[in-house]
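S.K.: First the structure, which I've put down as structure tokens, then a few questions once you've had a look.
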Amino acid sequence: MTTAVPSLELRHISKSFPGVTALDDVSVAFYPNEVVGLIGENGAGKSTVLKVLNGIYQPDAGEILVNGAPVKITKPRDAFDRGIAMVFQEQSILGSLTIAENIFLGREEEFLRYGFIDSRAMNAAAARELKKVHLDLAPGRRCEDLTFAERQMVEIAKALSLDGRIAGQLTILLDEPTSVLEAKEVGLLLSIVRELKQRATIVMISHRLDEVLTISDRVIVMRDGRVAKELPTKSATVQDLHKHMVGRQLHHEYYREARQAKVGAETILSVKALSRAGSFQGVSFDLHAGEVLGLAGVIGSGREDLARCLAGHLAFDSGTLEVKGKPLAGGSVLKAASSGIGLVPSERKAEGIVAALTVAENITMAALPKFVKSGIIQFAEEQRTAHAWIDQLHVKTPSTATPIGSLSGGNQQKCVLAKWRVAGVAALILDHPTRGIDVGAKEDVYELIRDMTAEGLAILLLADTLEEVIGLSSRILVMKDGAVTATFDASPRAKPVQVDLVRHMV
Amino acid sequence: MAHVANAVRGRFDRLRVWAPIAVLAALCILISLFSPNFLTISNLLRLLNSAAIPTVLAMGMTFIILMGSIDLSLEGIVAITAVLVSLLVANDVSSIEIGLWAVPLAVLLGGLVGFANGLLHVRLGTPSFMTTLGVGFAGVGVATAVLQGVTVRINDQTFRGLSLGRFLTVPAAVWVAIGAIAVAFIIQERTRVGRWIYAIGTDETTSQQVGIPTQRSRIIAFSIAGLFYGLGGVLSAAQFGQGNALIGSGRLFTTVTAVVVGGTALSGGAGSVLSSVIGVLIVVVTANGMVLMGVPPFVQQGVQGVLIIAAVALAIDRSRLDIVK
């Protein structure tokens with residue numbers, strides 16, 4: 001394999017931004033018909049590599065070779081014309097266009113007749129592309145009607161449409177293609193990747209190391225803007241990869257189980273026979289001080305809606321909700337927050353932070369009245385509080401006045417946690433608190449969860465993986481079709497195993 | 001109708017298509033109950049005639065709003081193109097007389113001003129709102145300066161026939177408007193720039209990433225809009241038999257109202273030129289009905305104001321308003 005000409009090669013690529021070296025002399029090669037896993041923590045340089053390959057960034061030094069010939073990529077279209085297709089993590093499918101229109105967006109000239117688009121020919125061509133990804137959908141359908149997974153497949157079909165339209169080898173870059181897919185869809189995607197291997201070079205960026213190990217032939221680990229390690233998948237383990245990614249050993253006690261707090265006697269949140277039509281029915285549980293209560297369930301189990309109900313984002317139809325013995329009416333975020341319930345949402349960018357506001361402003365946002373005297377915000381007080389939390393949570397930020405949007409995901413999440421701590425909540429609902437943040441930052445979040453429970457906070461956790469929910473929780477409720485189907489004790493030495501949970505989930 | 005429905009894009013497809021049509025039908029029924037004169041051939045022809053110019057203007061405006069932008073230069077472009085065309089046909093101010101050749105020249109002038117809109121907006125990076133407001137003011141200013149306050153009277157009856165002539169008992173202006181609808185529909189459905197306008201209105205960053213020349217598309221869209229406004233200016237001059245700097249007054253609000261009432265989203269990406277035709281009819285029927293029912297003019301204006309706010313309020317996708325922070 002190594003004797004072949006690489007279909008895509010980066011030689012000595014460097015790229016810096018003011019104050020940061022994003023890529024430092026990176027040289028990697030991708031060969032025909034192989035699947036390469038590209039991994040690394042956030043900020044390691046993976047996305048910069050992608051952006052350089054896609055022409056969004058121009059490298060400061062080094063060259064890019066396609067099929068052995070040096071090329072200049074100055075805009076996304078250049079990359080496309082060279083056979084480099086990118087499947088974006090934030091999908092590039094536009095809802096107002098049809099599947100066919102999306103697949104050939106920006107490349108309509110193939111279907112022009114006297115300057116007008118021949119929709120029939122375009123739809124027929126799109127149907128052929130859809131067949132490659134086993135997607136049985138009419139090419140004339142509007143993409144806004146598709147499920148997320150279907151859109152992902154359309155995105156891949158779009159990348160594959162290059163096949164036969166360009167000379168030479170096709171390289172497909174998949175940027176975290178599975179992070180938002182359900183298990184069944186992940187399976188389908190991986191099988192498509194295996195098929196694609198016959199025709200293309202696949203580079204897959206992923207945070208899910210187990211997936212990378214399943215699908216790839218070779219793994220490239222990036223760290224601090226450099227290639228830290230290249231190794232064949234055969235000889236790699238999750239532990240290995242993790243070590244190369246963070247430059248240290250996987251924490252022996254990943255989920256800090258030894259720090260799992262003794263569940264206090266005080267009931268913070270009491271839920272009795274709570275129901276919401278179409279979401280969940282008759283859910284009852286108590287959440288105690290110092291407890292991490294995990295909610296497990298597949299999509300459609302009702303756990304997301306339950307979490308949103310508790311935080312006041314949704315109303316409930318019947319049942320009661322009490323916070324420290326006081327009844328709380330549903331459907332008002334304001335009431336929920338003032339009675340002591342905070343939600344750390346999974347859509348961090350859209351719901352958790354206000355990207356344009358500063359770190360300090362985000363941290364004090366939920367408790368702003370505390371910083372107001374006679375109608376004026378007391379800046380000194382606000383800054384003091386922000387500094388205290390930045391120190392305590394080890395938020396990496398240049399200053400309190402930095403717009404929060406420019407921090408990494410993990411640091412943003414810490415600020416979201418700080419926001420609710422400043423507001424003085426008694427119970428926090430964590431909806432996928434580690435989604436889309438890197439391994440190192442994940443461990444920080446785990447550490448923070450333990451800190452919070454040690455201080456007597458009650459936590460309701462909707463975790464990213466079963467492993468995570470088992471590792472972190474003191475108790476686990478399993479939900480299925482809107483009802484609680486099982487409750488598991490998860491004391492440090494008596495953790496349930498995944499199959500037990502799964503049995504009650506599906 | 002299926003194809004028409006399919007040509008209206010955006011969330012809540014069906015609602016977007018059928019709600020305005022239902023509103024239009026309800027209005028017609030309501031007005032005809034109050035006024036027996038409404039459903040007469042002569043009134044319907046008058047209705048269509050008064051819808052002609054707003055329709056031509058709305059075709060241009062739809063493309064801009066589909067991009068998520070706005071074009072406030074409409075009245076300025078209508079004014080200068082009407083003035084140009086009135087000075088080039090037989091008239092009482094200038095001695096030039098080139099007859100119908102004046103029409104393509106005036107339309108082209110509209111396109112050029114639209115091109116200027118787009119170029120300034122894209123190159124200077126100024127919001128379309130501000131850029132077109134400035135260009136529109138400049139347009140009215142130029143028209144006023146050229147004429148120094150006088151009104152040009154048009155003596156060319158062939159030219160006036162563009163609006164006043166009749167073919168199969170239907171006024172010529174209506175036929176021109178139907179032609180404009182056909183051209184706009186083809187641009188929307190069958191050309192690259194039509195498709196790119198939707199893409200840009202839906203998500204400009206993504207559009208850029210897939211390699212759409214977004215800046216060029218914006219300039220083209222503003223130019224196309226300018227061409228339609230130019231045609232609107234020509235029709236205005238033909239209809240009133242004159243050209244003056246204020247001939248476009250009041251057209252902007254009506255046009256934007258019609259586009260929005262028709263179901264094209266101000267946020268861009270959703271809607272259609274066909275929706276705008278329905279929107280124009282709603283606005284025109286409402287106005288006509290109020291005249292027939294003897295509603296005072298200032299109240300009519302108030303009703304139009306309520307109409308646009310109601311349309312925007314109804315068109316907002318409330319399920320997406322549940323933003324949680």
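Residue numbering restarts at 1 in every chain; chains get A, B, ... in the order shown in the structure tokens, and ligands count up from 1 in that same order.
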Mind listing as a PyMOL selection string which residues of chain A are within 7 Å of chain B, counting only C-alpha atoms?
M.R.: chain A and resi 76-77+92+94+96+106+108+115-117+351-353
S.K.: So which bits of range 396-467 of chain A end up helix (DSSP H, G or I) when you DSSP the backbone, as a VMD selection string?
M.R.: chain A and resid 404 to 406 409 to 422 439 to 454 466 to 467
S.K.: How would the residues just chosen look if you wrote them out with C-alpha atoms as a PDB file, in the first residue's frame?
M.R.:
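Written output follows (selection-v1.pdb):
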```
ATOM      1  CA  ILE A 404     -17.376  33.162  24.829  1.00  0.00           C
ATOM      2  CA  GLY A 405     -17.856  31.971  21.252  1.00  0.00           C
ATOM      3  CA  SER A 406     -14.105  32.016  20.705  1.00  0.00           C
ATOM      4  CA  GLY A 409     -16.325  23.642  23.482  1.00  0.00           C
ATOM      5  CA  GLY A 410     -15.099  22.295  26.783  1.00  0.00           C
ATOM      6  CA  ASN A 411     -14.350  25.732  28.152  1.00  0.00           C
ATOM      7  CA  GLN A 412     -17.702  27.029  26.980  1.00  0.00           C
ATOM      8  CA  GLN A 413     -19.387  24.179  28.808  1.00  0.00           C
ATOM      9  CA  LYS A 414     -17.540  25.065  32.006  1.00  0.00           C
ATOM     10  CA  CYS A 415     -18.901  28.595  31.723  1.00  0.00           C
ATOM     11  CA  VAL A 416     -22.421  27.247  31.282  1.00  0.00           C
ATOM     12  CA  LEU A 417     -21.964  25.241  34.477  1.00  0.00           C
ATOM     13  CA  ALA A 418     -20.550  28.305  36.219  1.00  0.00           C
ATOM     14  CA  LYS A 419     -23.588  30.310  35.109  1.00  0.00           C
ATOM     15  CA  TRP A 420     -25.952  28.014  36.974  1.00  0.00           C
ATOM     16  CA  ARG A 421     -23.683  27.797  39.995  1.00  0.00           C
ATOM     17  CA  VAL A 422     -23.671  31.597  40.225  1.00  0.00           C
ATOM     18  CA  VAL A 439     -11.499  13.738  25.833  1.00  0.00           C
ATOM     19  CA  GLY A 440      -9.417  15.947  28.097  1.00  0.00           C
ATOM     20  CA  ALA A 441     -12.241  18.415  28.555  1.00  0.00           C
ATOM     21  CA  LYS A 442     -14.636  15.535  29.184  1.00  0.00           C
ATOM     22  CA  GLU A 443     -12.603  14.468  32.157  1.00  0.00           C
ATOM     23  CA  ASP A 444     -12.739  18.018  33.458  1.00  0.00           C
ATOM     24  CA  VAL A 445     -16.512  17.953  33.198  1.00  0.00           C
ATOM     25  CA  TYR A 446     -16.610  14.626  35.090  1.00  0.00           C
ATOM     26  CA  GLU A 447     -14.437  16.160  37.771  1.00  0.00           C
ATOM     27  CA  LEU A 448     -16.808  19.129  37.986  1.00  0.00           C
ATOM     28  CA  ILE A 449     -19.806  16.863  38.352  1.00  0.00           C
ATOM     29  CA  ARG A 450     -18.131  15.215  41.319  1.00  0.00           C
ATOM     30  CA  ASP A 451     -17.261  18.617  42.789  1.00  0.00           C
ATOM     31  CA  MET A 452     -20.847  19.763  42.495  1.00  0.00           C
ATOM     32  CA  THR A 453     -22.342  16.679  44.097  1.00  0.00           C
ATOM     33  CA  ALA A 454     -19.794  16.922  46.897  1.00  0.00           C
ATOM     34  CA  LEU A 466     -24.213   4.169  28.281  1.00  0.00           C
ATOM     35  CA  GLU A 467     -20.696   3.857  29.582  1.00  0.00           C
TER      36      GLU A 467
END
```
S.K.: Show which residues sit within 6 Å of Ala245 in chain B, as a PyMOL selection string. Count only C-alpha atoms, and ignore same-chain residues fewer than 3 positions away.
M.R.: chain B and resi 79+140+143-144
S.K.: Which value, in Å to one decimal, gives the distance between CA of Val52 in chain A and CA of Ser217 in chain B?
M.R.: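 Those two atoms sit 25.2 Å apart.
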S.K.: Give me, please, the distance in Å between CA of Glu455 in chain A and CA of Glu382 in chain A, quoted to one decimal.
M.R.: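 Taking CA of Glu455 in chain A as the start and CA of Glu382 in chain A as the end point, the length is 22.7 Å.
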S.K.: Using only C-alpha atoms, find the one residue out of A:Asp175, A:Glu257, A:Glu322, A:Asp60 that sits nearest to Ile205 in chain A.
M.R.: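 Nearest candidate to Ile205 in chain A out of A:Asp175, A:Glu257, A:Glu322, A:Asp60: A:Asp175.
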S.K.: Once DSSP has gone over the backbone, tell me which residues of range 125-302 of chain B are in strand (DSSP E or B), as a list in words.
M.R.: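 Going through range 125-302 of chain B, the strand (DSSP E or B) residues come out as Val152, Arg153, Ile154, Arg166, Phe167, Val170, Pro171, Gln242, Gly243 and Gly271 of chain B.
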S.K.: Can you pull out every residue within 10 Å of Val66 in chain A, counting only C-alpha atoms, but drop anything in the same chain fewer than 3 positions away, and send it as a ChimeraX atom specification?
M.R.: /A:5-10,29-30,69-72,79,82-84,168-171
S.K.: Given the choices A:Tyr114, A:Phe371, A:Phe80, A:Phe104, which gets closest to Gln383 in chain A if the distance is worked out from only C-alpha atoms?
M.R.: A:Phe371
S.K.: Please list as a list in words every residue within 8 Å of range 25-40 of chain B, counting only C-alpha atoms and excluding residues in the same chain fewer than 6 positions away.
M.R.: Ile282, Val285, Thr286, Gly289, Leu292 and Met293 of chain B
S.K.: Can you list every residue of range 301-336 of chain A that has an atom at most 12 Å from range 423-437 of chain A, with its nearest atom pair and the distance in Å to one decimal, using only C-alpha atoms, ordered by chain then number, as a Markdown table?
M.R.:
```
| residue | atom | partner | partner_atom | distance |
| --- | --- | --- | --- | --- |
| A:Arg303 | CA | A:Asp431 | CA | 9.8 |
| A:Glu304 | CA | A:Asp431 | CA | 7.8 |
| A:Asp305 | CA | A:Asp431 | CA | 10.8 |
| A:Leu306 | CA | A:Ile429 | CA | 10.4 |
| A:Ala307 | CA | A:Ile429 | CA | 6.8 |
| A:Arg308 | CA | A:Ile429 | CA | 8.8 |
| A:Cys309 | CA | A:Ile429 | CA | 10.7 |
| A:Leu310 | CA | A:Ile429 | CA | 8.3 |
| A:Ala311 | CA | A:Ile429 | CA | 7.6 |
| A:Gly312 | CA | A:Ile429 | CA | 11.3 |
| A:Glu322 | CA | A:Ala427 | CA | 11.7 |
| A:Val323 | CA | A:Ala426 | CA | 8.7 |
| A:Lys324 | CA | A:Ala426 | CA | 8.8 |
| A:Leu334 | CA | A:Ala423 | CA | 11.9 |
| A:Ala336 | CA | A:Val425 | CA | 9.7 |
```
S.K.: Just the selected residues (C-alpha atoms), exported as a compact mmCIF listing (two decimals), in the first residue's frame, please.
M.R.:
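Final file, result-v3.txt:
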```
# COMPACT_ATOMS: atom_id res chain seq x y z
CA ARG A 303 -36.25 11.41 28.42
CA GLU A 304 -35.38 14.58 26.51
CA ASP A 305 -38.89 15.95 26.89
CA LEU A 306 -38.91 14.98 30.55
CA ALA A 307 -35.71 16.92 31.12
CA ARG A 308 -37.12 19.94 29.29
CA CYS A 309 -40.32 19.72 31.33
CA LEU A 310 -38.43 19.75 34.61
CA ALA A 311 -36.51 22.83 33.51
CA GLY A 312 -39.70 24.62 32.52
CA GLU A 322 -41.87 19.78 43.86
CA VAL A 323 -38.58 21.51 44.51
CA LYS A 324 -37.49 21.19 48.13
CA LEU A 334 -38.19 31.68 34.87
CA ALA A 336 -37.97 26.77 37.37
```
S.K.: B:Ala19, B:Met67, B:Val103, B:Ala58: which is nearest Leu252 in chain B, counting only C-alpha atoms?
M.R.: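 The answer is B:Ala58, which sits nearest to Leu252 in chain B.
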S.K.: Between CA of Asp71 in chain B and CA of Gly302 in chain B, what is the spacing in Å?
M.R.: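 For CA of Gly302 in chain B relative to CA of Asp71 in chain B, the distance reads 22.5 Å.
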S.K.: Near Ala287 in chain B, within 10 Å and counting only C-alpha atoms, which residues show up once chain neighbours fewer than 6 positions away are dropped, as a PDB file with N, CA and C atoms, in the first residue's frame?
M.R.:
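So the final result, stored in result02.pdb, reads:
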```
ATOM      1  N   LEU B  47     -59.826  45.342 -11.469  1.00  0.00           N
ATOM      2  CA  LEU B  47     -58.969  44.726 -10.453  1.00  0.00           C
ATOM      3  C   LEU B  47     -57.648  44.253 -11.065  1.00  0.00           C
ATOM      4  N   SER B  50     -55.407  47.047 -12.040  1.00  0.00           N
ATOM      5  CA  SER B  50     -54.689  47.711 -10.954  1.00  0.00           C
ATOM      6  C   SER B  50     -53.665  46.780 -10.315  1.00  0.00           C
ATOM      7  N   LEU B 281     -52.779  40.053  -5.426  1.00  0.00           N
ATOM      8  CA  LEU B 281     -54.234  39.998  -5.569  1.00  0.00           C
ATOM      9  C   LEU B 281     -54.922  40.273  -4.233  1.00  0.00           C
ATOM     10  N   MET B 293     -66.929  49.465  -0.708  1.00  0.00           N
ATOM     11  CA  MET B 293     -67.726  49.558   0.514  1.00  0.00           C
ATOM     12  C   MET B 293     -67.664  50.957   1.110  1.00  0.00           C
ATOM     13  N   VAL B 295     -65.036  52.716   2.274  1.00  0.00           N
ATOM     14  CA  VAL B 295     -64.142  52.951   3.408  1.00  0.00           C
ATOM     15  C   VAL B 295     -63.254  54.169   3.090  1.00  0.00           C
ATOM     16  N   PRO B 297     -60.155  56.678   2.633  1.00  0.00           N
ATOM     17  CA  PRO B 297     -58.804  56.349   2.182  1.00  0.00           C
ATOM     18  C   PRO B 297     -57.797  56.163   3.316  1.00  0.00           C
ATOM     19  N   GLN B 300     -58.127  52.896   4.760  1.00  0.00           N
ATOM     20  CA  GLN B 300     -57.581  51.899   3.841  1.00  0.00           C
ATOM     21  C   GLN B 300     -56.094  51.699   4.097  1.00  0.00           C
ATOM     22  N   GLN B 301     -55.401  52.805   4.280  1.00  0.00           N
ATOM     23  CA  GLN B 301     -53.971  52.717   4.520  1.00  0.00           C
ATOM     24  C   GLN B 301     -53.684  51.968   5.825  1.00  0.00           C
ATOM     25  N   VAL B 303     -55.534  49.709   7.166  1.00  0.00           N
ATOM     26  CA  VAL B 303     -55.807  48.283   6.953  1.00  0.00           C
ATOM     27  C   VAL B 303     -54.587  47.616   6.315  1.00  0.00           C
ATOM     28  N   GLN B 304     -53.961  48.309   5.354  1.00  0.00           N
ATOM     29  CA  GLN B 304     -52.771  47.739   4.719  1.00  0.00           C
ATOM     30  C   GLN B 304     -51.653  47.514   5.739  1.00  0.00           C
TER      31      GLN B 304
END
```
S.K.: Within 6 Å of Ala225 in chain B, counting only C-alpha atoms, which residues qualify if same-chain residues fewer than 3 places away don't, as a PyMOL selection string?
M.R.: chain B and resi 60+222+228
S.K.: May I ask which of the residues B:Val146, B:Ala238, B:Ala52, B:Val273 is the closest one to Gln188 in chain B, counting only C-alpha atoms?
M.R.: B:Val273
